[in-house]
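*Asks:* One structure is given below, represented as structure tokens, and several questions about it will come after.
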Amino acid sequence: MDDAHSPTLVPQREEDFLPQPDGPVVIVGSGLAGYTLLKEIRKRDAAVPVTLVTADDGAFYSKPNLSNALAAGKAAAALASARAEKMAGDYGATVLTHTRVTAIDTQARRLATDRGEIAYGRLVLALGADPFPHGLEGDAATAVLTVNDLAGYAVFRDAITDKRRVVVLGGGLIGCEFANDLAQAGYAVDVVHLGDWPLERLLPAEAGQRLADSLATLGVRWHFGRTGRAVVYSAQELEIALDNGETLAADVVLSAIGLRPRTVLAAAAGIATGRGIKVDRLLQASVPRVYALGDCAEVDGVNLPYVQPLMVQARALAATLTGTPTPVIYPAMPVMVKTPVHPVAVLPPKPGSIGGWQVACGERGVCALHVDADGRLQGFALTGTETAQRTRLVGELAV
Ligand SMILES: Cc1cc2nc3c(=O)[nH]c(=O)nc-3n(C[C@H](O)[C@H](O)[C@H](O)COP(=O)(O)OP(=O)(O)OC[C@H]3O[C@@H](n4cnc5c(N)ncnc54)[C@H](O)[C@@H]3O)c2cc1C
């Protein structure tokens, strides 16, 4: 990965930028969504031409590893399992790296990029999501880091080398995972979180509190009901001012306050967007020959920014693009929070479900079941050793 940022096209051929008869399937994005789709297409069809265009270096990696890699001492290069050239060769695709799509002409079926134009037969947007702007004021605001890709992880890992104190903004899934990983790796960690307990939109209070207490045993200090106002340089350190006037000293500030689907490119092309790029169950956008999947997509009104949904989407879309229109049908997909000190498995009830939590707290974990008035299981939140129950509970879900 030594030349990870060299501006090369892989492979570099002039015809990659010229129109073809009906045009290739062009996938924009080399994250798990883009590459999983490519792999699924190749399972079904060895011949359909596929071009994958990506703004980054096109290395294949599993993004969830980014918040579990510090304690394991892993550098960014060690997390990438294949370079773009290898992916292109293994899956019979043209992979154009360091190529940013700047506009989509849905009439002419052409993409404008910062390296030339690309014609498409069918276009798949797998653009991912951007970190929410942290909104902090102060002269060190631009020093606040985010980790949303391999390059961001590399910058963060460099920044914390030989440092000791990290303030994490946000106690959601990613903030908790980084807090665990950093604390495990020996850092002093403060987490500033607006909610009254971590993951409060997914977990009932007892389960969230148990996770917070477990992370506290590693030394994590919580600042609940608080938000950051400003971050300034002060001597050799950063000083974070909270909304209650308290200040925290840190060497590095990591913002993990959430992600928002990348919709700007699609919206500018007249493609319907809401929270994400709006697609139906066939992952078809509001204009012909354009599809979306992964973190950028709002599928039938729902954006699910996790790995398992994008795998289901990729399998269905590969079938559709190779001649068998296949709607996305999700199985029950519990989300695992990778906090080894106290793991969490959560399956939120469907939006609009009427019911409540039944919570049982044991020594080694919390078992919270979301049930309706007739006692039927709608979802669950499990912590600690109770997470072992998730497979059995999935089988008991009301349909
Ligand atoms: C730290 C962290 C930990 C996580 N842990 C978990 C977990 O444990 N379990 C789980 O289920 N999910 C987890 N997630 C979420 C999961 O990783 C994502 O849902 C998934 O990786 C999203 O993949 P994607 O391909 O949709 O987006 P991305 O991986 O963001 O890929 C987007 C791609 O689009 C490219 N791109 C964007 N705009 C352009 C453009 N204009 N032109 C060209 N290319 C462009 C980018 O360069 C990139 O290649 C985690 C996320 C993070 C950040």
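Identifiers for the structure tokens are assigned positionally: chains receive A, B, ... in sequence, residues are indexed from 1 per chain, and ligands are indexed from 1 in the order shown.
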Got a sec: who's within 9 Å of Val394 (chain A), counting only C-alpha atoms, leaving out chain neighbours fewer than 5 positions off, as number ranges by chain?
*Replies:* A: 332-334, 347, 379-380, 389
*Asks:* Just to be explicit: take each residue in the selection above, keep N, CA and C atoms, and write the result as a short mmCIF file (atom, residue, chain, number, x, y, z; two decimals), in the first residue's frame.
*Replies:*
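Final output, again10.cif:
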data_model
loop_
_atom_site.label_atom_id
_atom_site.label_comp_id
_atom_site.auth_asym_id
_atom_site.auth_seq_id
_atom_site.Cartn_x
_atom_site.Cartn_y
_atom_site.Cartn_z
N ALA A 332 -34.38 -10.79 9.29
CA ALA A 332 -34.11 -10.05 10.53
C ALA A 332 -32.60 -9.89 10.64
N MET A 333 -32.15 -8.66 10.88
CA MET A 333 -30.71 -8.38 10.85
C MET A 333 -30.27 -7.68 12.14
N PRO A 334 -29.92 -8.44 13.18
CA PRO A 334 -29.45 -7.78 14.40
C PRO A 334 -28.15 -7.02 14.13
N LEU A 347 -31.75 -5.62 17.81
CA LEU A 347 -32.65 -5.66 16.66
C LEU A 347 -33.79 -4.71 16.97
N GLY A 379 -38.64 -7.02 18.79
CA GLY A 379 -37.24 -6.67 18.66
C GLY A 379 -36.54 -6.96 19.98
N PHE A 380 -35.23 -6.75 20.02
CA PHE A 380 -34.53 -7.00 21.28
C PHE A 380 -33.25 -6.18 21.37
N GLN A 389 -28.11 -15.11 22.99
CA GLN A 389 -29.51 -15.48 22.73
C GLN A 389 -30.04 -14.97 21.40
#
*Asks:* Extract, using only C-alpha atoms, all DNA, RNA and protein residues at most 7 Å from region 267-269 of chain A, discarding same-chain residues fewer than 6 positions from it, and format them as a PyMOL selection string.
*Replies:* chain A and resi 103-105
*Asks:* Per DSSP on the backbone, what are the alpha helix (DSSP H) residues of region 170-335 of chain A, as a VMD selection string?
*Replies:* chain A and resid 173 to 184 205 to 217 264 to 268 307 to 321
*Asks:* Keeping only N, CA and C atoms, write those residues as a tab-separated table (two decimals), in the first residue's frame.
*Replies:*
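Result file again23.tsv:
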chain	number	residue	atom	x	y	z
A	173	LEU	N	-22.95	4.01	18.04
A	173	LEU	CA	-22.25	2.75	17.76
A	173	LEU	C	-20.76	2.99	17.51
A	174	ILE	N	-20.45	3.93	16.63
A	174	ILE	CA	-19.05	4.12	16.26
A	174	ILE	C	-18.26	4.75	17.41
A	175	GLY	N	-18.87	5.70	18.12
A	175	GLY	CA	-18.20	6.33	19.26
A	175	GLY	C	-17.88	5.31	20.35
A	176	CYS	N	-18.83	4.43	20.65
A	176	CYS	CA	-18.60	3.41	21.69
A	176	CYS	C	-17.50	2.45	21.26
A	177	GLU	N	-17.54	2.06	19.98
A	177	GLU	CA	-16.52	1.11	19.52
A	177	GLU	C	-15.12	1.74	19.60
A	178	PHE	N	-15.01	3.00	19.19
A	178	PHE	CA	-13.70	3.66	19.29
A	178	PHE	C	-13.29	3.84	20.75
A	179	ALA	N	-14.25	4.18	21.62
A	179	ALA	CA	-13.92	4.36	23.04
A	179	ALA	C	-13.34	3.07	23.60
A	180	ASN	N	-13.98	1.93	23.27
A	180	ASN	CA	-13.48	0.64	23.74
A	180	ASN	C	-12.08	0.36	23.18
A	181	ASP	N	-11.94	0.58	21.88
A	181	ASP	CA	-10.66	0.26	21.23
A	181	ASP	C	-9.53	1.14	21.77
A	182	LEU	N	-9.82	2.43	21.91
A	182	LEU	CA	-8.80	3.36	22.41
A	182	LEU	C	-8.42	3.04	23.86
A	183	ALA	N	-9.44	2.80	24.69
A	183	ALA	CA	-9.17	2.52	26.11
A	183	ALA	C	-8.37	1.23	26.23
A	184	GLN	N	-8.76	0.24	25.43
A	184	GLN	CA	-8.03	-1.04	25.42
A	184	GLN	C	-6.58	-0.85	24.99
A	205	ALA	N	-32.72	2.18	28.66
A	205	ALA	CA	-31.75	2.79	29.58
A	205	ALA	C	-30.87	1.76	30.29
A	206	GLU	N	-31.48	0.66	30.76
A	206	GLU	CA	-30.70	-0.32	31.54
A	206	GLU	C	-29.57	-0.92	30.70
A	207	ALA	N	-29.88	-1.21	29.44
A	207	ALA	CA	-28.87	-1.82	28.57
A	207	ALA	C	-27.77	-0.80	28.23
A	208	GLY	N	-28.19	0.43	27.95
A	208	GLY	CA	-27.21	1.47	27.64
A	208	GLY	C	-26.31	1.77	28.83
A	209	GLN	N	-26.93	1.80	30.04
A	209	GLN	CA	-26.16	2.10	31.24
A	209	GLN	C	-25.14	1.00	31.52
A	210	ARG	N	-25.56	-0.25	31.25
A	210	ARG	CA	-24.63	-1.37	31.48
A	210	ARG	C	-23.41	-1.24	30.54
A	211	LEU	N	-23.68	-0.84	29.30
A	211	LEU	CA	-22.57	-0.65	28.35
A	211	LEU	C	-21.67	0.48	28.84
A	212	ALA	N	-22.29	1.59	29.29
A	212	ALA	CA	-21.50	2.73	29.79
A	212	ALA	C	-20.65	2.31	30.99
A	213	ASP	N	-21.26	1.57	31.91
A	213	ASP	CA	-20.52	1.15	33.12
A	213	ASP	C	-19.35	0.24	32.74
A	214	SER	N	-19.60	-0.63	31.78
A	214	SER	CA	-18.53	-1.57	31.38
A	214	SER	C	-17.38	-0.81	30.74
A	215	LEU	N	-17.70	0.16	29.88
A	215	LEU	CA	-16.62	0.96	29.27
A	215	LEU	C	-15.90	1.77	30.35
A	216	ALA	N	-16.65	2.20	31.38
A	216	ALA	CA	-16.02	2.96	32.47
A	216	ALA	C	-14.99	2.11	33.22
A	217	THR	N	-15.21	0.78	33.26
A	217	THR	CA	-14.21	-0.07	33.95
A	217	THR	C	-12.87	-0.05	33.21
A	264	VAL	N	-25.76	14.53	-2.75
A	264	VAL	CA	-25.64	15.79	-3.51
A	264	VAL	C	-25.52	15.53	-5.02
A	265	LEU	N	-24.68	14.56	-5.37
A	265	LEU	CA	-24.46	14.25	-6.79
A	265	LEU	C	-25.77	13.84	-7.47
A	266	ALA	N	-26.52	12.97	-6.80
A	266	ALA	CA	-27.78	12.50	-7.37
A	266	ALA	C	-28.79	13.64	-7.45
A	267	ALA	N	-28.90	14.41	-6.38
A	267	ALA	CA	-29.88	15.50	-6.37
A	267	ALA	C	-29.59	16.50	-7.48
A	268	ALA	N	-28.30	16.79	-7.71
A	268	ALA	CA	-27.94	17.76	-8.76
A	268	ALA	C	-28.30	17.24	-10.15
A	307	VAL	N	-23.65	-3.31	7.33
A	307	VAL	CA	-23.10	-4.23	6.33
A	307	VAL	C	-24.14	-5.25	5.83
A	308	GLN	N	-24.87	-5.85	6.76
A	308	GLN	CA	-25.77	-6.92	6.33
A	308	GLN	C	-26.83	-6.44	5.32
A	309	PRO	N	-27.46	-5.29	5.54
A	309	PRO	CA	-28.41	-4.83	4.53
A	309	PRO	C	-27.77	-4.63	3.15
A	310	LEU	N	-26.54	-4.10	3.14
A	310	LEU	CA	-25.96	-3.85	1.80
A	310	LEU	C	-25.60	-5.16	1.10
A	311	MET	N	-25.32	-6.20	1.89
A	311	MET	CA	-25.06	-7.52	1.28
A	311	MET	C	-26.34	-8.05	0.62
A	312	VAL	N	-27.45	-7.90	1.33
A	312	VAL	CA	-28.74	-8.36	0.78
A	312	VAL	C	-29.06	-7.55	-0.47
A	313	GLN	N	-28.83	-6.24	-0.39
A	313	GLN	CA	-29.09	-5.37	-1.55
A	313	GLN	C	-28.21	-5.78	-2.74
A	314	ALA	N	-26.93	-6.06	-2.48
A	314	ALA	CA	-26.01	-6.38	-3.57
A	314	ALA	C	-26.43	-7.67	-4.27
A	315	ARG	N	-26.86	-8.65	-3.50
A	315	ARG	CA	-27.29	-9.92	-4.12
A	315	ARG	C	-28.51	-9.69	-5.01
A	316	ALA	N	-29.46	-8.92	-4.49
A	316	ALA	CA	-30.69	-8.68	-5.27
A	316	ALA	C	-30.37	-7.86	-6.52
A	317	LEU	N	-29.54	-6.84	-6.37
A	317	LEU	CA	-29.26	-5.97	-7.52
A	317	LEU	C	-28.44	-6.71	-8.59
A	318	ALA	N	-27.55	-7.59	-8.16
A	318	ALA	CA	-26.77	-8.37	-9.13
A	318	ALA	C	-27.74	-9.22	-9.96
A	319	ALA	N	-28.73	-9.79	-9.31
A	319	ALA	CA	-29.71	-10.60	-10.05
A	319	ALA	C	-30.48	-9.71	-11.03
A	320	THR	N	-30.89	-8.56	-10.57
A	320	THR	CA	-31.65	-7.64	-11.43
A	320	THR	C	-30.82	-7.22	-12.64
A	321	LEU	N	-29.57	-6.87	-12.40
A	321	LEU	CA	-28.73	-6.35	-13.50
A	321	LEU	C	-28.32	-7.45	-14.47
*Asks:* Check region 169-363 of chain A with DSSP on the backbone and list each residue it calls strand (DSSP E or B), as an MDAnalysis selection string.
*Replies:* chainID A and resid 169 188:193 221:224 228:234 237:242 247:250 252:255 259:261 273 277:279 284 290:292 297:299 302 335:337 344:347 356:362
*Asks:* Out of A:Val192, A:Leu127, A:Val302, A:Ala80, which residue has the shortest atom-to-atom distance to ligand 1 when counting only C-alpha atoms and all ligand atoms?
*Replies:* A:Leu127
*Asks:* Using only C-alpha atoms, pick whichever of A:Asp130, A:Ala154, A:Lys86, A:Leu145 has the shortest atom-to-atom distance to Cys296 (chain A).
*Replies:*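 Counting only C-alpha atoms, the residue closest to Cys296 (chain A) is A:Asp130.
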*Asks:* Which residues, written as a list in words, have at least one atom at most 9 Å from region 237-247 of chain A, with only C-alpha atoms counted and residues fewer than 4 positions away on the same chain left out?
*Replies:*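 Final neighbour list, sorted by chain and number: Ala140, Val167, Val192, Arg226, Thr227, Gly228, Arg229, Ala230, Val231, Val232, Tyr233, Asp251, Val252 and Val253 of chain A.
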*Asks:* Measuring atom to atom with only C-alpha atoms, identify which of A:Arg44, A:Arg201, A:Ile257, A:Tyr91 is nearest to Leu136 (chain A).
*Replies:* A:Ile257
*Asks:* Can you tell me, as a ChimeraX atom specification, what residues are no more than 12 Å from Val26 (chain A) when counting only C-alpha atoms, ignoring any on the same chain fewer than 2 positions away?
*Replies:* /A:16-17,19-20,22-24,28-30,34-35,37-38,48-54,93-96,101,104,109-111,118-126,289-292,321
*Asks:* List the spatial neighbours of Gly375 (chain A) as a list in words - criterion: any atom at most 12 Å away, only C-alpha atoms, same-chain residues fewer than 3 positions off excluded.
*Replies:* Ile354, Gly355, Gly356, Trp357, Gln358, Leu369, His370, Val371, Asp372, Gln378, Gly379, Glu396, Leu397 and Ala398 of chain A
*Asks:* Restricting it to all heavy atoms, dump the selection as a short mmCIF file (atom, residue, chain, number, x, y, z; two decimals), in the first residue's frame.
*Replies:*
data_model
loop_
_atom_site.label_atom_id
_atom_site.label_comp_id
_atom_site.auth_asym_id
_atom_site.auth_seq_id
_atom_site.Cartn_x
_atom_site.Cartn_y
_atom_site.Cartn_z
N ILE A 354 -46.02 -0.75 17.99
CA ILE A 354 -46.54 -0.29 19.29
C ILE A 354 -46.25 -1.38 20.31
O ILE A 354 -46.70 -2.51 20.17
CB ILE A 354 -48.05 0.00 19.20
CG1 ILE A 354 -48.26 1.15 18.20
CG2 ILE A 354 -48.63 0.38 20.58
CD1 ILE A 354 -49.69 1.40 17.84
N GLY A 355 -45.48 -1.02 21.31
CA GLY A 355 -45.10 -2.00 22.33
C GLY A 355 -44.17 -1.36 23.33
O GLY A 355 -44.02 -0.14 23.36
N GLY A 356 -43.54 -2.18 24.13
CA GLY A 356 -42.62 -1.62 25.14
C GLY A 356 -41.54 -2.63 25.49
O GLY A 356 -41.60 -3.79 25.09
N TRP A 357 -40.56 -2.16 26.25
CA TRP A 357 -39.44 -3.02 26.65
C TRP A 357 -39.77 -3.80 27.90
O TRP A 357 -40.34 -3.26 28.85
CB TRP A 357 -38.20 -2.16 26.92
CG TRP A 357 -37.56 -1.54 25.71
CD1 TRP A 357 -37.57 -0.23 25.35
CD2 TRP A 357 -36.79 -2.22 24.72
NE1 TRP A 357 -36.86 -0.04 24.19
CE2 TRP A 357 -36.35 -1.24 23.77
CE3 TRP A 357 -36.40 -3.54 24.51
CZ2 TRP A 357 -35.57 -1.56 22.65
CZ3 TRP A 357 -35.62 -3.86 23.40
CH2 TRP A 357 -35.22 -2.88 22.49
N GLN A 358 -39.41 -5.08 27.90
CA GLN A 358 -39.39 -5.89 29.13
C GLN A 358 -37.92 -6.18 29.40
O GLN A 358 -37.27 -6.85 28.58
CB GLN A 358 -40.14 -7.20 28.93
CG GLN A 358 -41.64 -7.01 28.80
CD GLN A 358 -42.36 -8.34 28.59
OE1 GLN A 358 -41.74 -9.39 28.42
NE2 GLN A 358 -43.68 -8.29 28.60
N LEU A 369 -36.45 -7.25 25.87
CA LEU A 369 -37.29 -7.71 24.77
C LEU A 369 -38.35 -6.65 24.49
O LEU A 369 -39.02 -6.18 25.42
CB LEU A 369 -37.97 -9.03 25.15
CG LEU A 369 -37.03 -10.16 25.59
CD1 LEU A 369 -37.83 -11.41 25.94
CD2 LEU A 369 -36.00 -10.47 24.51
N HIS A 370 -38.51 -6.28 23.24
CA HIS A 370 -39.56 -5.33 22.87
C HIS A 370 -40.77 -6.14 22.42
O HIS A 370 -40.71 -6.88 21.45
CB HIS A 370 -39.07 -4.42 21.74
CG HIS A 370 -39.81 -3.13 21.64
ND1 HIS A 370 -41.00 -3.00 20.97
CD2 HIS A 370 -39.54 -1.91 22.18
CE1 HIS A 370 -41.41 -1.74 21.07
NE2 HIS A 370 -40.55 -1.06 21.81
N VAL A 371 -41.87 -6.02 23.18
CA VAL A 371 -43.03 -6.88 22.90
C VAL A 371 -44.29 -6.02 22.73
O VAL A 371 -44.38 -4.90 23.25
CB VAL A 371 -43.27 -7.90 24.04
CG1 VAL A 371 -42.14 -8.92 24.10
CG2 VAL A 371 -43.45 -7.21 25.37
N ASP A 372 -45.26 -6.58 21.98
CA ASP A 372 -46.52 -5.86 21.81
C ASP A 372 -47.49 -6.24 22.94
O ASP A 372 -47.14 -7.00 23.84
CB ASP A 372 -47.11 -6.10 20.41
CG ASP A 372 -47.57 -7.53 20.20
OD1 ASP A 372 -47.67 -8.29 21.18
OD2 ASP A 372 -47.82 -7.90 19.03
N GLN A 378 -41.10 -8.15 19.16
CA GLN A 378 -40.93 -7.24 18.01
C GLN A 378 -39.47 -6.88 17.76
O GLN A 378 -39.12 -6.41 16.67
CB GLN A 378 -41.70 -5.94 18.27
CG GLN A 378 -43.18 -6.14 18.46
CD GLN A 378 -43.83 -4.84 18.92
OE1 GLN A 378 -43.33 -4.20 19.85
NE2 GLN A 378 -44.91 -4.46 18.27
N GLY A 379 -38.64 -7.02 18.79
CA GLY A 379 -37.24 -6.67 18.66
C GLY A 379 -36.54 -6.96 19.98
O GLY A 379 -37.19 -7.39 20.95
N GLU A 396 -37.87 -16.32 17.08
CA GLU A 396 -39.14 -16.13 17.80
C GLU A 396 -39.85 -14.84 17.41
O GLU A 396 -40.92 -14.53 17.95
CB GLU A 396 -38.87 -16.08 19.32
CG GLU A 396 -38.45 -17.43 19.86
CD GLU A 396 -38.18 -17.38 21.36
OE1 GLU A 396 -38.56 -16.38 22.00
OE2 GLU A 396 -37.58 -18.33 21.86
N LEU A 397 -39.26 -14.09 16.50
CA LEU A 397 -39.85 -12.78 16.16
C LEU A 397 -41.23 -12.93 15.54
O LEU A 397 -41.47 -13.83 14.73
CB LEU A 397 -38.97 -12.06 15.14
CG LEU A 397 -37.73 -11.37 15.70
CD1 LEU A 397 -36.88 -10.89 14.55
CD2 LEU A 397 -38.14 -10.19 16.59
N ALA A 398 -42.12 -12.01 15.91
CA ALA A 398 -43.45 -11.99 15.30
C ALA A 398 -43.28 -11.56 13.85
O ALA A 398 -42.51 -10.64 13.56
CB ALA A 398 -44.32 -10.99 16.05
#
*Asks:* Rounded to one decimal, what separation in Å do you get between atom 4 (C, counted along the ligand's line) of ligand 1 and CA of Asp295 (chain A)?
*Replies:*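 Rounded to one decimal, the two atoms are 11.4 Å apart.
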